[in-house]
Every structure is written in C-alpha cells, then in structure tokens.
Amino acid sequence: MTLIVMGIESSCDETSVAIMKDDTLISNVTATQEVHASYGGVVPELASRAHAQNIIPVIHTSLKYANLQKKDVNVVAFTLGPGLVGSLMVGISFAKSFAQALNIPIVAVDHLYAHIFASFIQFPNEKHPVPEFPFLCLTVSGGHTQLLKVSDYDDIKIIGETIDDAAGEAFDKAAKILGLPYPGGPMIDKLAKSGDPHYFHFTKPKVPDFQFSFSGLKTSLLYLVRDNLKKDPDFIEKYKQHLAASYQRTIVEILVEKTLKAAKEFGLKNIVLAGGVSANSELRQTFINNGKQLGYKTFIPPINLTTDNGAMIAYLGKILYERGVTSPLSVKQYATGERR
Ligand code: KG4
Ligand code: ZN
C-alpha cells in the first residue's frame, strides 16, 4: 500500500508543507516571511502571525501540487522543536487538528535531526546516492553549528558545537553591520562573488577541539567598519564586496578545517552538510573540491532543502513512522536551547 506523509515545518520564519509518497518527495511548498527583512533578524511575534496566515494556503497548495486530497494523507509529521515557541505552536496545533479530523497518526520530529537527513530525500524520476552510516554531519544554520557523528536515524552524537553564535548568525549579523537586509547569508554570498577574499584579514578564533566560535569574528568586522567609516563615510559602499568575500572566506575556512579534522580523527569517509548555511556557494564548492582531493564523499542537499523546509520533516517523519514511532496528541513544543 502507498504511504502518504505530510510534513509541516513552522519553527522559525518559513511556513513549509511537503508531501512524500513512499520514498519520493512529490511536493514541497514554502511561504517565506519577507516581513523580517528590515529588522536584521526574525521578530517572533510577527513570525507566528505570518505562520497563522500562511498555513492553510500552503497546505492547500502543497496538496494541489501533489495532486492529492486531504483524505489521501496517511500520516502527519511536524516540527516539535527547537524553534520559536509561537511559531512552532501554529504548525503543531494545525497538525494535531488535521490528524484528528482525518483520524490519522501524528509524528513529532526534531528540526535539527530533520536537517541532517535532507540529503537522503529522493525526487520523482531521479535516484541519487545517499550517505552511508556512520557519517560526519556539519549542521550550520541560523540557530546552530554542530559537528555530529550520525550512526543511525536515532543514534546521533554531538562531536562539537559553537560556544556562542551560530554560523548563520555570523552571516546575518555581518549583513546587518553592512546595512544589508535579513537573512544576510544569501546577500553576503552574492556580494562575495565579486570581491577579493584576501583583501581583509580576520583573525580566526582559538577554541579547542571541535568547538566553534563566531562572535569574535563579527566583532572584528564591526570594529573594522566602524574605524574606517570615521575616515571615509563611503567605506562600506566602496568595499562591501571585499568585506563580504574576506568575511565569508574566514567562516568557510573555520568550518572546513574543523570538519576535516573530525573526519580524520573519527575515521569517517562520508561528510554531510546540512542547514541553511550549506546553501553557501563557497562552502559547497570547497567541500566538493576537498572531497575529491582527500578521498571522502560529500553530500549536500539541493539549495531548496538546505534552508527550513517541510520535506525534511516529512522524510524523517516517514522513517520514524515506519519504525513504529507515533506521537500522542499531548506532545508539547520545545524552544531553542531546550533539550527534548
Ligand atoms: O536552516 P535555516 O533555514 O534556519 C534555521 O534553522 O536557523 O538557516 C537559516 C540561515 C540564516 O542565518 C541564513 O542567513 C543562512 O541560513 N543562509 C546562508 C545562505 N543561505 C541561507 N548563509 C550563507 N550563505 C547562503 N547562501
Ligand atoms: Zn533550520
């Protein structure tokens, strides 16, 4: 029998609903909230309001793309956390009511775990190779930066993580310093393409083992810009490409160095990138090039599955369901920073 799983993601600023038909993703519709652009970050109250407005139209559009009706859905998977409480509650309440109305099971999914497996998602008419367990995963998003040893869907160990800002936060805060809109990552990525990555020098943080730190880097950029603006009010305008390229190069180098060190130390030959920052063109290219030279396999999701999406929730929800996992209606969201 065919299994139809709907995945609902609403942990931050994307309302996204996807549908998997057995092993294949047949629909993934995302409403991105433009409302945060001028604030330099996500405004939680505005985010939950936008989710409440978007959720029903996104559900309808996703079902339409999949050429299915509500009654065809067998399981509803949704993000339980971590994320913004108000945003999560919109997706969770919708998922629970939808499932109750149709009398079908629900599966609560951890957002960070879901990111890890985005590379496993298959599309119609196109089968691609997937990572082999155990693999090393670098999760880099707006809220997290983690190196993980992934031995199975439910056997994931943290090797290292950031002690302050996440990599995505480093991009977003730099963009704010340069007067660019939120989210900053895509803007910096674009500007960096026409800049000199060695024009400015930023000192890399000295943190032990597999930990990361990005807050000092952001402060270096802030001071560099502040000091130069005193001498030349057009400094940002004149140098923004070089600033973006040099700043981005530093972040990429930090991420790549630590990941390769972990791959070597733990003897892992498959490296997976996950999370919004894995959309970064320089990060993707550097990992692919290094992989070829050093003999490891690199897996990076297609761009639309790097940032928050319902597809990764549907995928992990389906795997968990097939392993016998369902959730009670009483499950409650957990916020960023809270462990399940
Ligand atoms: O995974 P995600 O959509 O949300 C969280 O779970 O946090 O990641 C969003 C983050 C933002 O910080 C955004 O600036 C960053 O991913 N991002 C990028 C790029 N595209 C998105 N960072 C660098 N380069 C990009 N091309
Ligand atoms: Zn995310």
# chains A, B, ... in the order shown; residues from 1 in each chain; ligands from 1

$ closest_atom_pairs --of "chain A" --to "ligand 2" --cutoff "7 Å" --atoms "only C-alpha atoms and all ligand atoms" --output "CSV"
residue,atom,partner,partner_atom_place_in_ligand_line,distance
A:His111,CA,ligand 2,1 (Zn),6.4
A:Leu112,CA,ligand 2,1 (Zn),6.6
A:His115,CA,ligand 2,1 (Zn),6.5
A:Ser141,CA,ligand 2,1 (Zn),5.8
A:Gly142,CA,ligand 2,1 (Zn),6.9
A:Gly275,CA,ligand 2,1 (Zn),5.6
A:Gly276,CA,ligand 2,1 (Zn),6.4
A:Thr307,CA,ligand 2,1 (Zn),5.9
A:Asp308,CA,ligand 2,1 (Zn),4.6

$ write_last_selection --atoms "N, CA and C atoms" --output "PDB file, in the first residue's frame"
ATOM      1  N   HIS A 111      13.674  19.287  14.644  1.00  0.00           N
ATOM      2  CA  HIS A 111      14.084  20.107  13.498  1.00  0.00           C
ATOM      3  C   HIS A 111      15.555  19.873  13.104  1.00  0.00           C
ATOM      4  N   LEU A 112      16.422  19.769  14.104  1.00  0.00           N
ATOM      5  CA  LEU A 112      17.862  19.619  13.807  1.00  0.00           C
ATOM      6  C   LEU A 112      18.166  18.245  13.233  1.00  0.00           C
ATOM      7  N   HIS A 115      17.129  18.269   9.550  1.00  0.00           N
ATOM      8  CA  HIS A 115      18.120  18.890   8.657  1.00  0.00           C
ATOM      9  C   HIS A 115      19.173  17.865   8.215  1.00  0.00           C
ATOM     10  N   SER A 141      23.265  26.357  10.627  1.00  0.00           N
ATOM     11  CA  SER A 141      22.016  27.075  10.346  1.00  0.00           C
ATOM     12  C   SER A 141      22.034  28.415  11.066  1.00  0.00           C
ATOM     13  N   GLY A 142      20.854  29.067  11.079  1.00  0.00           N
ATOM     14  CA  GLY A 142      20.756  30.356  11.745  1.00  0.00           C
ATOM     15  C   GLY A 142      20.870  30.214  13.263  1.00  0.00           C
ATOM     16  N   GLY A 275      21.572  22.289   6.828  1.00  0.00           N
ATOM     17  CA  GLY A 275      21.184  23.591   7.382  1.00  0.00           C
ATOM     18  C   GLY A 275      21.376  24.717   6.375  1.00  0.00           C
ATOM     19  N   GLY A 276      20.751  25.852   6.690  1.00  0.00           N
ATOM     20  CA  GLY A 276      20.695  26.986   5.765  1.00  0.00           C
ATOM     21  C   GLY A 276      22.043  27.449   5.225  1.00  0.00           C
ATOM     22  N   THR A 307      17.796  25.263   3.510  1.00  0.00           N
ATOM     23  CA  THR A 307      17.083  26.105   4.489  1.00  0.00           C
ATOM     24  C   THR A 307      15.825  25.366   4.951  1.00  0.00           C
ATOM     25  N   ASP A 308      15.118  25.946   5.919  1.00  0.00           N
ATOM     26  CA  ASP A 308      13.996  25.239   6.537  1.00  0.00           C
ATOM     27  C   ASP A 308      12.944  24.828   5.503  1.00  0.00           C
TER      28      ASP A 308
END

$ closest_atom_pairs --of "chain A" --to "ligand 1" --cutoff "9 Å" --atoms "only C-alpha atoms and all ligand atoms" --output "tab-separated table"
residue	atom	partner	partner_atom_place_in_ligand_line	distance
A:Ser11	CA	ligand 1	6 (O)	7.6
A:Cys12	CA	ligand 1	4 (O)	6.9
A:Asp13	CA	ligand 1	4 (O)	7.9
A:Glu14	CA	ligand 1	3 (O)	7.7
A:Gly41	CA	ligand 1	12 (O)	8.8
A:Pro82	CA	ligand 1	6 (O)	8.7
A:Gly83	CA	ligand 1	6 (O)	7.8
A:His111	CA	ligand 1	6 (O)	7.5
A:Leu112	CA	ligand 1	6 (O)	7.4
A:His115	CA	ligand 1	1 (O)	7.4
A:Thr139	CA	ligand 1	1 (O)	8.5
A:Val140	CA	ligand 1	1 (O)	7.1
A:Ser141	CA	ligand 1	8 (O)	3.9
A:Gly142	CA	ligand 1	7 (O)	3.2
A:Gly143	CA	ligand 1	7 (O)	4.4
A:His144	CA	ligand 1	7 (O)	6.6
A:Ala166	CA	ligand 1	12 (O)	8.0
A:Ala167	CA	ligand 1	12 (O)	7.1
A:Gly168	CA	ligand 1	12 (O)	3.3
A:Glu169	CA	ligand 1	12 (O)	5.0
A:Ala170	CA	ligand 1	12 (O)	7.5
A:Phe171	CA	ligand 1	14 (O)	5.6
A:Asp172	CA	ligand 1	14 (O)	5.2
A:Lys173	CA	ligand 1	12 (O)	8.8
A:Ala175	CA	ligand 1	14 (O)	8.7
A:Tyr182	CA	ligand 1	14 (O)	7.1
A:Pro183	CA	ligand 1	14 (O)	4.4
A:Gly184	CA	ligand 1	14 (O)	4.5
A:Gly185	CA	ligand 1	22 (N)	3.3
A:Pro186	CA	ligand 1	26 (N)	3.9
A:Met187	CA	ligand 1	26 (N)	7.3
A:Ile188	CA	ligand 1	24 (N)	6.8
A:Asp189	CA	ligand 1	24 (N)	5.1
A:Lys190	CA	ligand 1	26 (N)	7.6
A:Gln248	CA	ligand 1	23 (C)	8.1
A:Ala274	CA	ligand 1	1 (O)	7.8
A:Gly275	CA	ligand 1	1 (O)	4.0
A:Gly276	CA	ligand 1	8 (O)	3.3
A:Val277	CA	ligand 1	22 (N)	3.8
A:Ser278	CA	ligand 1	19 (C)	6.8
A:Ala279	CA	ligand 1	26 (N)	4.5
A:Asn280	CA	ligand 1	24 (N)	3.6
A:Ser281	CA	ligand 1	26 (N)	6.2
A:Glu282	CA	ligand 1	24 (N)	8.2
A:Leu283	CA	ligand 1	24 (N)	8.1
A:Ile303	CA	ligand 1	20 (N)	8.4
A:Leu305	CA	ligand 1	3 (O)	8.8
A:Thr306	CA	ligand 1	1 (O)	6.3
A:Thr307	CA	ligand 1	3 (O)	3.3
A:Asp308	CA	ligand 1	3 (O)	4.0
A:Asn309	CA	ligand 1	3 (O)	7.6

$ residues_around --residues "Arg49 in chain A" --least-positions-apart "6" --cutoff "9 Å" --atoms "only C-alpha atoms" --output "PyMOL selection string"
chain A and resi 86-87+90

$ write_last_selection --atoms "N, CA, C and O atoms" --output "PDB file, in the first residue's frame"
ATOM      1  N   GLY A  86       5.995  30.446  19.670  1.00  0.00           N
ATOM      2  CA  GLY A  86       4.767  30.867  18.986  1.00  0.00           C
ATOM      3  C   GLY A  86       4.679  30.295  17.588  1.00  0.00           C
ATOM      4  O   GLY A  86       3.608  29.846  17.148  1.00  0.00           O
ATOM      5  N   SER A  87       5.787  30.288  16.879  1.00  0.00           N
ATOM      6  CA  SER A  87       5.825  29.757  15.509  1.00  0.00           C
ATOM      7  C   SER A  87       5.557  28.257  15.507  1.00  0.00           C
ATOM      8  O   SER A  87       4.755  27.747  14.726  1.00  0.00           O
ATOM      9  N   VAL A  90       1.871  27.149  15.990  1.00  0.00           N
ATOM     10  CA  VAL A  90       0.946  27.244  14.846  1.00  0.00           C
ATOM     11  C   VAL A  90       0.966  25.926  14.063  1.00  0.00           C
ATOM     12  O   VAL A  90      -0.075  25.320  13.795  1.00  0.00           O
TER      13      VAL A  90
END

$ residues_around --residues "Asn103 in chain A" --least-positions-apart "5" --cutoff "12 Å" --atoms "only C-alpha atoms" --output "list of chain:residue names"
A:Lys70, A:Lys71, A:Asp72, A:Val73, A:Asn74, A:Val75, A:Val76, A:Ala95, A:Lys96, A:Ser97, A:Phe98, A:Leu329

$ write_last_selection --atoms "N, CA and C atoms" --output "short mmCIF file (atom, residue, chain, number, x, y, z; two decimals), in the first residue's frame"
data_model
loop_
_atom_site.label_atom_id
_atom_site.label_comp_id
_atom_site.auth_asym_id
_atom_site.auth_seq_id
_atom_site.Cartn_x
_atom_site.Cartn_y
_atom_site.Cartn_z
N LYS A 70 -7.03 15.99 0.94
CA LYS A 70 -6.70 15.82 2.37
C LYS A 70 -6.88 14.37 2.81
N LYS A 71 -7.96 13.75 2.37
CA LYS A 71 -8.27 12.38 2.83
C LYS A 71 -7.23 11.35 2.38
N ASP A 72 -6.37 11.72 1.41
CA ASP A 72 -5.35 10.78 0.94
C ASP A 72 -4.15 10.69 1.89
N VAL A 73 -4.02 11.67 2.80
CA VAL A 73 -2.86 11.70 3.69
C VAL A 73 -3.00 10.62 4.77
N ASN A 74 -1.90 9.84 4.99
CA ASN A 74 -1.94 8.76 5.98
C ASN A 74 -1.30 9.13 7.32
N VAL A 75 -0.31 10.02 7.27
CA VAL A 75 0.43 10.39 8.50
C VAL A 75 0.78 11.88 8.42
N VAL A 76 0.69 12.59 9.55
CA VAL A 76 1.13 13.98 9.57
C VAL A 76 2.36 14.10 10.48
N ALA A 95 -1.28 20.63 12.78
CA ALA A 95 -1.03 19.21 12.52
C ALA A 95 -1.95 18.32 13.37
N LYS A 96 -2.08 18.68 14.64
CA LYS A 96 -2.91 17.86 15.54
C LYS A 96 -4.38 17.89 15.10
N SER A 97 -4.89 19.08 14.77
CA SER A 97 -6.31 19.17 14.39
C SER A 97 -6.56 18.44 13.07
N PHE A 98 -5.63 18.62 12.14
CA PHE A 98 -5.76 17.97 10.83
C PHE A 98 -5.82 16.45 11.00
N LEU A 329 -1.29 13.03 21.23
CA LEU A 329 -1.78 14.40 20.98
C LEU A 329 -1.28 15.38 22.04
#

$ residues_around --residues "Asp164 in chain A" --least-positions-apart "5" --cutoff "7 Å" --atoms "only C-alpha atoms" --output "list of chain:residue names"
A:Ser213, A:Phe214, A:Ser215

$ write_last_selection --atoms "N, CA, C and O atoms" --output "compact mmCIF listing (two decimals), in the first residue's frame"
# COMPACT_ATOMS: atom_id res chain seq x y z
N SER A 213 33.48 29.15 17.36
CA SER A 213 33.11 30.43 17.96
C SER A 213 33.07 31.46 16.84
O SER A 213 34.00 31.54 16.03
N PHE A 214 32.00 32.23 16.77
CA PHE A 214 31.88 33.21 15.69
C PHE A 214 31.63 34.63 16.19
O PHE A 214 31.60 35.55 15.38
N SER A 215 31.44 34.80 17.50
CA SER A 215 31.07 36.14 17.94
C SER A 215 32.24 37.13 17.82
O SER A 215 32.07 38.30 17.51

$ closest_residue --among "A:Phe299, A:Lys238, A:Leu84, A:Pro134" --to "Thr336 in chain A" --atoms "only C-alpha atoms"
A:Leu84

$ residues_around --residues "Ser10 in chain A" --least-positions-apart "6" --cutoff "12 Å" --atoms "only C-alpha atoms" --output "compact mmCIF listing (two decimals) with N, CA, C and O atoms, in the first residue's frame"
# COMPACT_ATOMS: atom_id res chain seq x y z
N SER A 16 6.24 25.84 5.78
CA SER A 16 6.51 24.92 4.68
C SER A 16 5.77 23.61 4.87
O SER A 16 5.76 23.05 5.98
N VAL A 17 5.15 23.14 3.80
CA VAL A 17 4.40 21.88 3.86
C VAL A 17 4.81 21.02 2.67
O VAL A 17 4.78 21.48 1.53
N ALA A 18 5.22 19.78 2.99
CA ALA A 18 5.67 18.87 1.93
C ALA A 18 4.90 17.57 1.99
O ALA A 18 4.31 17.24 3.02
N THR A 30 6.81 26.33 0.21
CA THR A 30 7.29 27.16 1.32
C THR A 30 6.87 28.61 1.14
O THR A 30 7.06 29.19 0.06
N ALA A 31 6.28 29.19 2.19
CA ALA A 31 6.00 30.63 2.19
C ALA A 31 7.06 31.27 3.06
O ALA A 31 7.14 31.02 4.26
N THR A 32 7.93 32.08 2.44
CA THR A 32 9.00 32.76 3.19
C THR A 32 8.46 34.10 3.68
O THR A 32 7.81 34.82 2.93
N GLN A 33 8.75 34.40 4.94
CA GLN A 33 8.21 35.65 5.51
C GLN A 33 9.14 36.82 5.22
O GLN A 33 10.22 36.91 5.79
N PRO A 44 9.85 37.39 16.60
CA PRO A 44 9.00 36.23 16.93
C PRO A 44 7.49 36.49 16.78
O PRO A 44 6.77 35.66 16.22
N ALA A 47 6.48 36.60 13.27
CA ALA A 47 6.63 35.27 12.66
C ALA A 47 5.40 34.41 12.95
O ALA A 47 4.83 33.81 12.03
N SER A 48 4.95 34.37 14.21
CA SER A 48 3.80 33.49 14.50
C SER A 48 2.54 33.99 13.79
O SER A 48 1.75 33.20 13.30
N ARG A 49 2.40 35.31 13.70
CA ARG A 49 1.23 35.86 12.99
C ARG A 49 1.25 35.45 11.51
O ARG A 49 0.25 35.04 10.95
N ALA A 50 2.45 35.54 10.91
CA ALA A 50 2.56 35.19 9.48
C ALA A 50 2.31 33.70 9.27
O ALA A 50 1.66 33.30 8.30
N HIS A 51 2.80 32.86 10.22
CA HIS A 51 2.51 31.41 10.09
C HIS A 51 1.01 31.16 10.10
O HIS A 51 0.50 30.37 9.32
N ALA A 52 0.32 31.85 11.03
CA ALA A 52 -1.13 31.64 11.15
C ALA A 52 -1.84 32.03 9.84
O ALA A 52 -2.78 31.37 9.41
N GLN A 53 -1.33 33.08 9.19
CA GLN A 53 -1.94 33.49 7.91
C GLN A 53 -1.60 32.52 6.78
O GLN A 53 -2.41 32.27 5.90
N ASN A 54 -0.38 31.98 6.81
CA ASN A 54 0.11 31.19 5.67
C ASN A 54 -0.26 29.72 5.69
O ASN A 54 -0.31 29.08 4.64
N ILE A 55 -0.49 29.17 6.89
CA ILE A 55 -0.52 27.71 6.99
C ILE A 55 -1.60 27.07 6.09
O ILE A 55 -1.32 26.11 5.36
N VAL A 58 -0.78 27.32 2.33
CA VAL A 58 0.38 26.48 1.99
C VAL A 58 -0.02 25.00 1.96
O VAL A 58 0.40 24.24 1.08
N ALA A 77 3.49 14.53 9.88
CA ALA A 77 4.70 14.79 10.66
C ALA A 77 4.85 16.29 10.80
O ALA A 77 4.43 17.04 9.91
N PHE A 78 5.42 16.72 11.91
CA PHE A 78 5.56 18.17 12.13
C PHE A 78 6.75 18.44 13.03
O PHE A 78 7.19 17.57 13.78
N THR A 79 7.27 19.66 12.94
CA THR A 79 8.40 20.07 13.80
C THR A 79 7.91 20.34 15.21
O THR A 79 7.03 21.18 15.41
N LEU A 80 8.52 19.63 16.17
CA LEU A 80 8.14 19.85 17.58
C LEU A 80 9.06 20.88 18.23
O LEU A 80 8.70 21.57 19.17
N GLY A 81 10.29 20.97 17.73
CA GLY A 81 11.27 21.91 18.26
C GLY A 81 12.64 21.52 17.75
O GLY A 81 12.74 20.51 17.03
N PRO A 82 13.70 22.23 18.02
CA PRO A 82 13.68 23.52 18.70
C PRO A 82 13.31 24.63 17.74
O PRO A 82 13.46 24.50 16.54
N GLY A 83 12.81 25.73 18.31
CA GLY A 83 12.41 26.85 17.48
C GLY A 83 11.75 27.92 18.32
O GLY A 83 11.85 27.92 19.56
N LEU A 84 11.05 28.83 17.65
CA LEU A 84 10.33 29.89 18.36
C LEU A 84 9.00 29.32 18.82
O LEU A 84 8.26 28.73 18.01
N VAL A 85 8.69 29.48 20.09
CA VAL A 85 7.52 28.82 20.66
C VAL A 85 6.22 29.16 19.90
O VAL A 85 5.47 28.28 19.49
N GLY A 86 5.99 30.45 19.67
CA GLY A 86 4.77 30.87 18.99
C GLY A 86 4.68 30.30 17.59
O GLY A 86 3.61 29.85 17.15
N SER A 87 5.79 30.29 16.88
CA SER A 87 5.83 29.76 15.51
C SER A 87 5.56 28.26 15.51
O SER A 87 4.76 27.75 14.73
N LEU A 88 6.23 27.55 16.41
CA LEU A 88 6.04 26.10 16.50
C LEU A 88 4.59 25.76 16.78
O LEU A 88 4.02 24.84 16.18
N MET A 89 3.98 26.54 17.69
CA MET A 89 2.61 26.23 18.11
C MET A 89 1.62 26.28 16.96
O MET A 89 0.65 25.52 16.94
N VAL A 90 1.87 27.15 15.99
CA VAL A 90 0.95 27.24 14.85
C VAL A 90 0.97 25.93 14.06
O VAL A 90 -0.07 25.32 13.79
N GLY A 91 2.18 25.46 13.72
CA GLY A 91 2.30 24.20 12.96
C GLY A 91 1.80 23.01 13.75
O GLY A 91 1.10 22.15 13.21
N ILE A 92 2.14 22.97 15.03
CA ILE A 92 1.76 21.82 15.87
C ILE A 92 0.24 21.76 16.02
O ILE A 92 -0.37 20.69 15.85
N SER A 93 -0.38 22.90 16.32
CA SER A 93 -1.85 22.88 16.52
C SER A 93 -2.54 22.48 15.23
O SER A 93 -3.50 21.71 15.23
N PHE A 94 -2.00 23.01 14.11
CA PHE A 94 -2.64 22.65 12.84
C PHE A 94 -2.50 21.15 12.59
O PHE A 94 -3.47 20.48 12.25
N ALA A 95 -1.28 20.63 12.78
CA ALA A 95 -1.03 19.21 12.52
C ALA A 95 -1.95 18.32 13.37
O ALA A 95 -2.55 17.36 12.88
N VAL A 109 8.71 15.60 15.04
CA VAL A 109 10.07 15.49 14.51
C VAL A 109 10.94 16.60 15.09
O VAL A 109 10.50 17.74 15.25
N ASP A 110 12.19 16.25 15.38
CA ASP A 110 13.16 17.26 15.84
C ASP A 110 13.73 17.97 14.60
O ASP A 110 14.22 17.33 13.67
N HIS A 111 13.67 19.29 14.64
CA HIS A 111 14.08 20.11 13.50
C HIS A 111 15.55 19.87 13.10
O HIS A 111 15.89 19.77 11.92
N ASP A 308 15.12 25.95 5.92
CA ASP A 308 14.00 25.24 6.54
C ASP A 308 12.94 24.83 5.50
O ASP A 308 12.54 25.64 4.67
N ASN A 309 12.51 23.59 5.60
CA ASN A 309 11.54 23.08 4.62
C ASN A 309 10.73 21.94 5.20
O ASN A 309 11.19 21.24 6.11
N GLY A 310 9.54 21.74 4.65
CA GLY A 310 8.66 20.66 5.13
C GLY A 310 9.14 19.30 4.67
O GLY A 310 8.84 18.28 5.30
N ILE A 313 11.05 17.31 7.16
CA ILE A 313 10.17 16.87 8.26
C ILE A 313 9.36 15.65 7.80
O ILE A 313 9.23 14.67 8.53
N GLN A 333 5.66 21.51 22.29
CA GLN A 333 6.84 22.10 21.63
C GLN A 333 7.99 22.33 22.62
O GLN A 333 7.77 22.44 23.81

$ closest_residue --among "A:Gln293, A:Gln241, A:Ser38, A:Ser151" --to "Pro197 in chain A" --atoms "only C-alpha atoms"
A:Gln241

$ select_by_dssp --residues "range 93-303 of chain A" --states "helix (DSSP H, G or I)" --output "MDAnalysis selection string"
chainID A and resid 93:102 111:120 167:177 184:192 215:231 235:266 276:279 281:294 303

$ residues_around --residues "Arg226 in chain A" --least-positions-apart "6" --cutoff "12 Å" --atoms "only C-alpha atoms" --output "PDB file with N, CA and C atoms, in the first residue's frame"
ATOM      1  N   ILE A 177      25.573  44.735   9.941  1.00  0.00           N
ATOM      2  CA  ILE A 177      26.654  45.730  10.051  1.00  0.00           C
ATOM      3  C   ILE A 177      26.853  46.436   8.703  1.00  0.00           C
ATOM      4  N   LEU A 178      26.703  45.671   7.613  1.00  0.00           N
ATOM      5  CA  LEU A 178      26.917  46.251   6.278  1.00  0.00           C
ATOM      6  C   LEU A 178      25.649  46.908   5.719  1.00  0.00           C
ATOM      7  N   THR A 219      32.587  40.779  15.793  1.00  0.00           N
ATOM      8  CA  THR A 219      33.064  41.995  16.458  1.00  0.00           C
ATOM      9  C   THR A 219      34.236  42.604  15.674  1.00  0.00           C
ATOM     10  N   SER A 220      35.129  41.755  15.124  1.00  0.00           N
ATOM     11  CA  SER A 220      36.246  42.275  14.314  1.00  0.00           C
ATOM     12  C   SER A 220      35.710  43.046  13.118  1.00  0.00           C
ATOM     13  N   ASP A 232      36.285  57.483   6.188  1.00  0.00           N
ATOM     14  CA  ASP A 232      35.638  57.543   4.877  1.00  0.00           C
ATOM     15  C   ASP A 232      34.179  57.095   5.017  1.00  0.00           C
ATOM     16  N   PRO A 233      33.232  58.044   4.947  1.00  0.00           N
ATOM     17  CA  PRO A 233      31.825  57.672   5.135  1.00  0.00           C
ATOM     18  C   PRO A 233      31.300  56.707   4.060  1.00  0.00           C
ATOM     19  N   ASP A 234      32.018  56.613   2.930  1.00  0.00           N
ATOM     20  CA  ASP A 234      31.578  55.692   1.867  1.00  0.00           C
ATOM     21  C   ASP A 234      32.282  54.338   1.937  1.00  0.00           C
ATOM     22  N   PHE A 235      32.958  54.078   3.073  1.00  0.00           N
ATOM     23  CA  PHE A 235      33.775  52.853   3.182  1.00  0.00           C
ATOM     24  C   PHE A 235      32.973  51.588   2.839  1.00  0.00           C
ATOM     25  N   ILE A 236      31.782  51.459   3.413  1.00  0.00           N
ATOM     26  CA  ILE A 236      31.010  50.219   3.188  1.00  0.00           C
ATOM     27  C   ILE A 236      30.673  50.086   1.706  1.00  0.00           C
TER      28      ILE A 236
END

$ closest_residue --among "A:Ser330, A:Tyr39, A:Lys318, A:Ala263" --to "Leu294 in chain A" --atoms "only C-alpha atoms"
A:Ala263

$ closest_residue --among "A:Tyr247, A:Tyr296, A:Tyr153, A:Tyr334" --to "Asn270 in chain A" --atoms "only C-alpha atoms"
A:Tyr296

$ closest_residue --among "A:Leu260, A:Leu255, A:Leu180, A:Ala335" --to "Gly40 in chain A" --atoms "only C-alpha atoms"
A:Leu180

$ select_by_dssp --residues "range 9-229 of chain A" --states "strand (DSSP E or B)" --output "PyMOL selection string"
chain A and resi 9+14-21+24-32+75-81+106-110+122-123+126+135-140+145-152+155-162+212

$ write_last_selection --atoms "C-alpha atoms" --output "short mmCIF file (atom, residue, chain, number, x, y, z; two decimals), in the first residue's frame"
data_model
loop_
_atom_site.label_atom_id
_atom_site.label_comp_id
_atom_site.auth_asym_id
_atom_site.auth_seq_id
_atom_site.Cartn_x
_atom_site.Cartn_y
_atom_site.Cartn_z
CA GLU A 9 7.64 22.99 9.30
CA GLU A 14 9.29 29.66 6.85
CA THR A 15 5.85 28.07 6.67
CA SER A 16 6.51 24.92 4.68
CA VAL A 17 4.40 21.88 3.86
CA ALA A 18 5.67 18.87 1.93
CA ILE A 19 4.27 15.56 0.84
CA MET A 20 6.15 12.27 0.45
CA LYS A 21 4.66 9.40 -1.49
CA THR A 24 9.69 10.13 -3.07
CA LEU A 25 9.10 13.80 -2.41
CA ILE A 26 6.17 14.89 -4.57
CA SER A 27 5.50 18.37 -3.19
CA ASN A 28 7.33 20.96 -1.08
CA VAL A 29 5.74 24.40 -0.78
CA THR A 30 7.29 27.16 1.32
CA ALA A 31 6.00 30.63 2.19
CA THR A 32 9.00 32.76 3.19
CA VAL A 75 0.43 10.39 8.50
CA VAL A 76 1.13 13.98 9.57
CA ALA A 77 4.70 14.79 10.66
CA PHE A 78 5.56 18.17 12.13
CA THR A 79 8.40 20.07 13.80
CA LEU A 80 8.14 19.85 17.58
CA GLY A 81 11.27 21.91 18.26
CA ILE A 106 0.97 12.17 14.06
CA VAL A 107 4.76 12.02 14.30
CA ALA A 108 6.68 14.78 16.09
CA VAL A 109 10.07 15.49 14.51
CA ASP A 110 13.16 17.26 15.84
CA GLN A 122 14.67 11.36 -3.38
CA PHE A 123 12.77 13.08 -6.18
CA GLU A 126 15.78 10.79 -10.30
CA PHE A 135 28.79 9.66 8.63
CA LEU A 136 30.00 13.04 9.80
CA CYS A 137 27.46 15.85 9.57
CA LEU A 138 28.19 19.55 9.74
CA THR A 139 24.91 21.28 10.59
CA VAL A 140 25.17 25.01 10.00
CA THR A 145 26.54 24.98 14.34
CA GLN A 146 27.28 21.38 15.17
CA LEU A 147 29.56 18.53 14.13
CA LEU A 148 27.78 15.23 14.57
CA LYS A 149 28.62 11.56 14.26
CA VAL A 150 25.50 10.01 12.77
CA SER A 151 25.37 6.21 13.15
CA ASP A 152 21.63 5.79 12.50
CA ASP A 155 21.89 7.37 17.01
CA ILE A 156 23.41 10.85 16.74
CA LYS A 157 26.30 12.10 18.86
CA ILE A 158 27.49 15.69 19.11
CA ILE A 159 31.24 15.89 18.46
CA GLY A 160 31.41 19.67 18.79
CA GLU A 161 29.32 22.80 18.58
CA THR A 162 29.51 26.57 18.80
CA PHE A 212 33.34 26.76 17.10
#

$ atom_distance --atom1 "CA of Asp196 in chain A" --atom2 "CA of Ala37 in chain A"
26.6 Å

$ closest_residue --among "A:Phe200, A:Asp22, A:Ile104, A:Asp209" --to "Pro124 in chain A" --atoms "only C-alpha atoms"
A:Asp22

$ atom_distance --atom1 "CA of Ile116 in chain A" --atom2 "CA of Ile271 in chain A"
10.9 Å

$ atom_distance --atom1 "CA of Phe133 in chain A" --atom2 "CA of Asp165 in chain A"
28.9 Å
